[in-house]
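Worksheet for the structure shown next.
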Amino acid sequence: MTLRIAIVGLGKIARDQHVPSIAAVEGVELTAVASRNAELPGVLNVATIDDLLGNADAFDAVALCTPPQGRHAQAWKALAAGKHVLLEKPPGATVAEIASLERLARDNDVSLFATWHSRFSAAVEPARLFLAGTQIRSVRVLWKEDVRKWHPGQAWIWEPGGLGVFDPGINALSIVTAILPEAIFLDRSDLFFPANRAAPIAANLGFSSPSGLPVSAEFDWRVTGGETWTIEVETADGLLRIQDGGRRLDLDGRSMTDEPDREYQGIYARFRDLCAVRTMDVDLSPLQLVADGFLLGRRHEVEAFHEEPAR
């Protein structure tokens, strides 16, 4: 049976990733969109999730692609109406709010999927398998990009709950928590806030594990001239490098994986399978690490950020 999906929030990520990925995955179909500012031909178009739920016969599941600050209320309404729910990353503005959604999904016998799209990158599973069979000595994450290029005009991302530089950085943490054979916890956090913003533009983090594995991460939104989305793992068998956000994997410079981006296709295949058996996939470890980053963070103020660079 085909899973009929309604998207809530037809912004950049929905248009770039969700819409084409739904079209490419067997067993799922886009049948409705709720958006105040945009429409999509060929499907039911309404303004709000309340309007959407007034047409409940048109869809089976909701994909929430709205900013995280207001997503809990939307997810609650959809779950209470007996609809399966997919949450874009990060799944919410806080860690605690997701627990109530899990309980509601369980009570209503529907699926809840807190997605981490980077975990569906081609390099992640081969890296996990390799690291399970070797001695890991250290992990270094470099996740740097230009906020003006990747998040233009997205004012919500600078507000409390919008995460700032952790919005892309959480992708790296989702990969690290998936590939390492043991959990990590935060022990150092330096956050760099623009004078005119409520969320950080850069962060330097240090983590440890029960065995004492050193893990470091550098996130920065101020880098122009090309992105760095790299995770380096020093092992007894060589330097393992995940590059291009998870698309490429090499060991001591020798290519192990190099494939096109199909992350969101993986998400929707997983969502289809979860809904078929009415179960959940909710791992909050990347969001918990970000929350700990704010809890332990030492604040450093840097120059004000402006959407358009000074001329």
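Note on naming: chains are A, B, ... as they come in the structure tokens, residues start from 1 per chain, ligands start from 1 in the order shown.
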Within 7 Å of Gly246 of chain A using only C-alpha atoms, minus same-chain residues under 6 positions, as a PyMOL selection string: chain A and resi 118+121-124
Output all heavy atoms for every residue in the selection just made, as an mmCIF file, in the first residue's frame.
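What landed in out-v5.cif:
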data_model
loop_
_atom_site.group_PDB
_atom_site.id
_atom_site.type_symbol
_atom_site.label_atom_id
_atom_site.label_comp_id
_atom_site.auth_asym_id
_atom_site.auth_seq_id
_atom_site.Cartn_x
_atom_site.Cartn_y
_atom_site.Cartn_z
ATOM 1 N N SER A 118 21.913 13.018 7.430
ATOM 2 C CA SER A 118 23.315 12.677 7.157
ATOM 3 C C SER A 118 23.632 11.224 7.491
ATOM 4 O O SER A 118 24.593 10.661 6.956
ATOM 5 C CB SER A 118 24.250 13.611 7.929
ATOM 6 O OG SER A 118 24.166 14.932 7.421
ATOM 7 N N SER A 121 23.831 8.976 4.461
ATOM 8 C CA SER A 121 24.885 9.186 3.469
ATOM 9 C C SER A 121 25.615 7.871 3.194
ATOM 10 O O SER A 121 25.685 6.979 4.052
ATOM 11 C CB SER A 121 25.892 10.223 3.974
ATOM 12 O OG SER A 121 25.274 11.471 4.166
ATOM 13 N N ALA A 122 26.182 7.783 1.993
ATOM 14 C CA ALA A 122 26.788 6.525 1.534
ATOM 15 C C ALA A 122 27.946 6.069 2.410
ATOM 16 O O ALA A 122 28.203 4.866 2.535
ATOM 17 C CB ALA A 122 27.257 6.691 0.093
ATOM 18 N N ALA A 123 28.680 7.001 3.030
ATOM 19 C CA ALA A 123 29.877 6.632 3.780
ATOM 20 C C ALA A 123 29.601 6.141 5.189
ATOM 21 O O ALA A 123 30.480 5.535 5.822
ATOM 22 C CB ALA A 123 30.826 7.835 3.844
ATOM 23 N N VAL A 124 28.412 6.379 5.711
ATOM 24 C CA VAL A 124 28.171 6.167 7.138
ATOM 25 C C VAL A 124 28.235 4.690 7.524
ATOM 26 O O VAL A 124 28.948 4.302 8.461
ATOM 27 C CB VAL A 124 26.833 6.797 7.555
ATOM 28 C CG1 VAL A 124 26.490 6.429 8.998
ATOM 29 C CG2 VAL A 124 26.910 8.310 7.409
#
Could the residues of segment 18-72 of chain A that have an atom at most 10 Å from segment 112-116 of chain A be listed as a tab-separated table, each with its closest atom pair and the distance in Å to one decimal, counting only C-alpha atoms and ordered by chain and ascending residue number?
residue	atom	partner	partner_atom	distance
A:Ala61	CA	A:Leu112	CA	9.7
A:Val62	CA	A:Leu112	CA	9.8
A:Ala63	CA	A:Phe113	CA	9.4
Close residues, Gly238 of chain A itself excluded, 7 Å, only C-alpha atoms, min 2 positions apart in chain, as a list of chain:residue names: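 Within the cut-off, the hits are A:Glu234, A:Thr235, A:Ala236, A:Leu240, A:Leu251, A:Asp252.
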I want to know what sits within 10 Å of segment 270-277 of chain A, based on only C-alpha atoms, with residues of the same chain fewer than 5 positions away left out; could you give that as a VMD selection string? chain A and resid 1 to 5 25 to 28 60 to 61 63 83 to 86 109 to 115 120 264 to 265
Can you pull out the residues contacting segment 140-150 of chain A? Cut-off 6 Å, using only C-alpha atoms, and skip same-chain residues under 4 positions away; I want them as an mmCIF file with all heavy atoms, in the first residue's frame.
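Dumped to out-v5.cif:
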data_model
loop_
_atom_site.group_PDB
_atom_site.id
_atom_site.type_symbol
_atom_site.label_atom_id
_atom_site.label_comp_id
_atom_site.auth_asym_id
_atom_site.auth_seq_id
_atom_site.Cartn_x
_atom_site.Cartn_y
_atom_site.Cartn_z
ATOM 1 N N VAL A 215 37.595 13.326 21.180
ATOM 2 C CA VAL A 215 36.824 13.750 20.011
ATOM 3 C C VAL A 215 36.732 15.271 20.050
ATOM 4 O O VAL A 215 36.371 15.849 21.085
ATOM 5 C CB VAL A 215 35.405 13.140 20.017
ATOM 6 C CG1 VAL A 215 34.615 13.614 18.799
ATOM 7 C CG2 VAL A 215 35.466 11.621 20.073
ATOM 8 N N SER A 216 37.062 15.923 18.934
ATOM 9 C CA SER A 216 36.944 17.376 18.851
ATOM 10 C C SER A 216 36.101 17.756 17.648
ATOM 11 O O SER A 216 36.006 16.999 16.670
ATOM 12 C CB SER A 216 38.323 18.033 18.743
ATOM 13 O OG SER A 216 38.955 17.689 17.516
ATOM 14 N N ALA A 217 35.469 18.933 17.724
ATOM 15 C CA ALA A 217 34.641 19.406 16.614
ATOM 16 C C ALA A 217 34.782 20.913 16.494
ATOM 17 O O ALA A 217 34.753 21.636 17.501
ATOM 18 C CB ALA A 217 33.186 19.038 16.834
ATOM 19 N N GLU A 218 34.951 21.370 15.269
ATOM 20 C CA GLU A 218 34.998 22.796 14.959
ATOM 21 C C GLU A 218 33.889 23.099 13.961
ATOM 22 O O GLU A 218 33.884 22.572 12.851
ATOM 23 C CB GLU A 218 36.353 23.177 14.353
ATOM 24 C CG GLU A 218 37.542 22.939 15.272
ATOM 25 C CD GLU A 218 38.867 23.212 14.571
ATOM 26 O OE1 GLU A 218 38.881 24.023 13.618
ATOM 27 O OE2 GLU A 218 39.870 22.597 14.969
ATOM 28 N N PHE A 219 32.939 23.945 14.388
ATOM 29 C CA PHE A 219 31.851 24.385 13.526
ATOM 30 C C PHE A 219 32.019 25.879 13.263
ATOM 31 O O PHE A 219 32.267 26.644 14.193
ATOM 32 C CB PHE A 219 30.488 24.146 14.185
ATOM 33 C CG PHE A 219 30.238 22.721 14.595
ATOM 34 C CD1 PHE A 219 29.459 22.427 15.708
ATOM 35 C CD2 PHE A 219 30.744 21.657 13.864
ATOM 36 C CE1 PHE A 219 29.202 21.129 16.090
ATOM 37 C CE2 PHE A 219 30.505 20.335 14.229
ATOM 38 C CZ PHE A 219 29.729 20.079 15.351
ATOM 39 N N ASP A 220 31.858 26.297 12.018
ATOM 40 C CA ASP A 220 32.051 27.715 11.696
ATOM 41 C C ASP A 220 31.193 28.082 10.490
ATOM 42 O O ASP A 220 31.223 27.392 9.469
ATOM 43 C CB ASP A 220 33.522 28.000 11.394
ATOM 44 C CG ASP A 220 33.886 29.470 11.573
ATOM 45 O OD1 ASP A 220 33.002 30.336 11.367
ATOM 46 O OD2 ASP A 220 35.045 29.756 11.910
ATOM 47 N N TRP A 221 30.454 29.182 10.632
ATOM 48 C CA TRP A 221 29.607 29.696 9.553
ATOM 49 C C TRP A 221 30.253 30.860 8.805
ATOM 50 O O TRP A 221 29.614 31.464 7.947
ATOM 51 C CB TRP A 221 28.283 30.180 10.143
ATOM 52 C CG TRP A 221 27.154 29.239 9.929
ATOM 53 C CD1 TRP A 221 27.122 28.136 9.150
ATOM 54 C CD2 TRP A 221 25.856 29.366 10.511
ATOM 55 N NE1 TRP A 221 25.893 27.550 9.201
ATOM 56 C CE2 TRP A 221 25.095 28.277 10.034
ATOM 57 C CE3 TRP A 221 25.264 30.272 11.393
ATOM 58 C CZ2 TRP A 221 23.764 28.087 10.399
ATOM 59 C CZ3 TRP A 221 23.944 30.078 11.758
ATOM 60 C CH2 TRP A 221 23.199 28.998 11.266
ATOM 61 N N ARG A 222 31.472 31.197 9.106
ATOM 62 C CA ARG A 222 32.084 32.405 8.544
ATOM 63 C C ARG A 222 33.048 32.106 7.408
ATOM 64 O O ARG A 222 33.782 32.996 6.964
ATOM 65 C CB ARG A 222 32.830 33.151 9.662
ATOM 66 C CG ARG A 222 31.942 33.580 10.824
ATOM 67 C CD ARG A 222 32.739 34.016 12.023
ATOM 68 N NE ARG A 222 33.495 32.898 12.596
ATOM 69 C CZ ARG A 222 34.215 32.982 13.713
ATOM 70 N NH1 ARG A 222 34.246 34.126 14.383
ATOM 71 N NH2 ARG A 222 34.870 31.930 14.164
ATOM 72 N N VAL A 223 33.045 30.886 6.900
ATOM 73 C CA VAL A 223 34.029 30.455 5.911
ATOM 74 C C VAL A 223 33.469 30.646 4.507
ATOM 75 O O VAL A 223 32.385 30.173 4.173
ATOM 76 C CB VAL A 223 34.408 28.979 6.132
ATOM 77 C CG1 VAL A 223 35.329 28.488 5.032
ATOM 78 C CG2 VAL A 223 35.065 28.818 7.502
ATOM 79 N N THR A 224 34.198 31.347 3.678
ATOM 80 C CA THR A 224 33.809 31.548 2.284
ATOM 81 C C THR A 224 34.785 30.795 1.377
ATOM 82 O O THR A 224 35.847 30.368 1.798
ATOM 83 C CB THR A 224 33.824 33.041 1.931
ATOM 84 O OG1 THR A 224 35.132 33.582 2.157
ATOM 85 C CG2 THR A 224 32.819 33.811 2.785
ATOM 86 N N GLU A 227 33.099 24.734 1.075
ATOM 87 C CA GLU A 227 32.708 24.100 2.328
ATOM 88 C C GLU A 227 33.714 23.027 2.755
ATOM 89 O O GLU A 227 34.364 22.413 1.919
ATOM 90 C CB GLU A 227 31.336 23.427 2.179
ATOM 91 C CG GLU A 227 30.214 24.390 1.871
ATOM 92 C CD GLU A 227 30.204 24.843 0.416
ATOM 93 O OE1 GLU A 227 30.508 24.011 -0.466
ATOM 94 O OE2 GLU A 227 29.928 26.042 0.175
ATOM 95 N N THR A 228 33.791 22.822 4.066
ATOM 96 C CA THR A 228 34.517 21.690 4.635
ATOM 97 C C THR A 228 33.547 20.915 5.504
ATOM 98 O O THR A 228 33.087 21.412 6.533
ATOM 99 C CB THR A 228 35.718 22.155 5.479
ATOM 100 O OG1 THR A 228 36.616 22.903 4.666
ATOM 101 C CG2 THR A 228 36.448 20.945 6.068
ATOM 102 N N TRP A 229 33.197 19.717 5.065
ATOM 103 C CA TRP A 229 32.318 18.831 5.828
ATOM 104 C C TRP A 229 33.053 17.508 5.963
ATOM 105 O O TRP A 229 32.829 16.568 5.207
ATOM 106 C CB TRP A 229 30.987 18.638 5.106
ATOM 107 C CG TRP A 229 30.174 19.893 4.941
ATOM 108 C CD1 TRP A 229 29.999 20.882 5.842
ATOM 109 C CD2 TRP A 229 29.409 20.274 3.786
ATOM 110 N NE1 TRP A 229 29.179 21.857 5.348
ATOM 111 C CE2 TRP A 229 28.803 21.516 4.085
ATOM 112 C CE3 TRP A 229 29.168 19.682 2.540
ATOM 113 C CZ2 TRP A 229 27.976 22.171 3.170
ATOM 114 C CZ3 TRP A 229 28.341 20.339 1.645
ATOM 115 C CH2 TRP A 229 27.758 21.566 1.953
ATOM 116 N N THR A 230 33.950 17.437 6.947
ATOM 117 C CA THR A 230 34.877 16.321 7.053
ATOM 118 C C THR A 230 34.923 15.773 8.473
ATOM 119 O O THR A 230 34.898 16.532 9.446
ATOM 120 C CB THR A 230 36.299 16.765 6.630
ATOM 121 O OG1 THR A 230 36.270 17.237 5.281
ATOM 122 C CG2 THR A 230 37.290 15.621 6.745
ATOM 123 N N ILE A 231 35.017 14.460 8.588
ATOM 124 C CA ILE A 231 35.251 13.781 9.863
ATOM 125 C C ILE A 231 36.476 12.898 9.677
ATOM 126 O O ILE A 231 36.497 12.035 8.792
ATOM 127 C CB ILE A 231 34.033 12.933 10.289
ATOM 128 C CG1 ILE A 231 32.806 13.834 10.472
ATOM 129 C CG2 ILE A 231 34.339 12.171 11.573
ATOM 130 C CD1 ILE A 231 31.519 13.055 10.682
ATOM 131 N N GLU A 232 37.490 13.121 10.492
ATOM 132 C CA GLU A 232 38.731 12.349 10.421
ATOM 133 C C GLU A 232 38.838 11.457 11.648
ATOM 134 O O GLU A 232 38.720 11.932 12.777
ATOM 135 C CB GLU A 232 39.942 13.282 10.358
ATOM 136 C CG GLU A 232 39.944 14.186 9.128
ATOM 137 C CD GLU A 232 41.139 15.134 9.123
ATOM 138 O OE1 GLU A 232 41.749 15.338 10.205
ATOM 139 O OE2 GLU A 232 41.463 15.674 8.045
#
Got a sec to tell me which of segment 77-226 of chain A DSSP assigns to strand (DSSP E or B), as a ChimeraX atom specification? /A:84-87,112-114,136-144,146,185-194,202-208,215-220,222
Which is closest to Glu125 of chain A among A:Met256, A:Leu239, A:Ile22, A:Met280, if we use only C-alpha atoms?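 The answer is A:Met256, which sits nearest to Glu125 of chain A.
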Quick one: residues within 9 Å of Glu303 of chain A, only C-alpha atoms counted, chain neighbours fewer than 6 positions away excluded, as a PyMOL selection string? chain A and resi 193-196
Selection to disk with all heavy atoms, as a compact mmCIF listing (two decimals), in the first residue's frame:
# COMPACT_ATOMS: atom_id res chain seq x y z
N PHE A 193 29.27 34.09 19.68
CA PHE A 193 28.01 34.75 19.34
C PHE A 193 28.26 36.10 18.68
O PHE A 193 28.99 36.93 19.24
CB PHE A 193 27.18 34.99 20.61
CG PHE A 193 26.56 33.76 21.20
CD1 PHE A 193 27.31 32.87 21.95
CD2 PHE A 193 25.21 33.51 21.02
CE1 PHE A 193 26.74 31.75 22.52
CE2 PHE A 193 24.62 32.39 21.60
CZ PHE A 193 25.38 31.50 22.34
N PRO A 194 27.64 36.37 17.54
CA PRO A 194 27.67 37.74 17.01
C PRO A 194 26.98 38.68 18.00
O PRO A 194 26.03 38.29 18.69
CB PRO A 194 26.88 37.63 15.70
CG PRO A 194 26.94 36.19 15.33
CD PRO A 194 26.95 35.44 16.63
N ALA A 195 27.43 39.91 18.05
CA ALA A 195 26.91 40.86 19.03
C ALA A 195 25.41 41.11 18.87
O ALA A 195 24.73 41.49 19.82
CB ALA A 195 27.66 42.18 18.91
N ASN A 196 24.88 40.86 17.68
CA ASN A 196 23.47 41.15 17.41
C ASN A 196 22.61 39.91 17.22
O ASN A 196 21.52 39.97 16.67
CB ASN A 196 23.34 42.04 16.17
CG ASN A 196 23.94 41.37 14.92
OD1 ASN A 196 24.73 40.44 15.02
ND2 ASN A 196 23.54 41.86 13.75
Would you list the contacts of Asn171 of chain A as a list in words, taking every protein, DNA or RNA residue within 9 Å and counting only C-alpha atoms, but skipping same-chain residues closer than 5 positions in sequence? Lys89, Trp116, His117, Ser118, Arg119, Phe166, Val176, Gly245 and Pro286 of chain A
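The closest residue to Ala14 of chain A, picked from A:Pro309, A:Arg188, A:Pro67, A:Gly164 and counting only C-alpha atoms, is A:Pro67.
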Please report, as a PyMOL selection string, each residue of segment 39-269 of chain A to which DSSP assigns alpha helix (DSSP H) when run on this structure's backbone. chain A and resi 49-53+71-80+97-107+124-131+147-150+166-179+263-269
Separation of atom CA of Tyr268 of chain A from atom CA of Ser21 of chain A in Å: 7.3 Å
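Counting only C-alpha atoms and comparing A:Ala73, A:Ala78, A:Ile7, A:Leu295, the residue that lies closest to Asn45 of chain A is A:Ile7.
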Using only C-alpha atoms, which of the listed residues (A:Ala203, A:Ala75, A:Ala6, A:Val139) sits closest to Ala56 of chain A?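 Using only C-alpha atoms, the shortest distance to Ala56 of chain A belongs to A:Ala6.
Closest to Leu131 of chain A among A:Ala58, A:Ala178, A:Gln17, A:Asn204 is A:Ala178, based on only C-alpha atoms.
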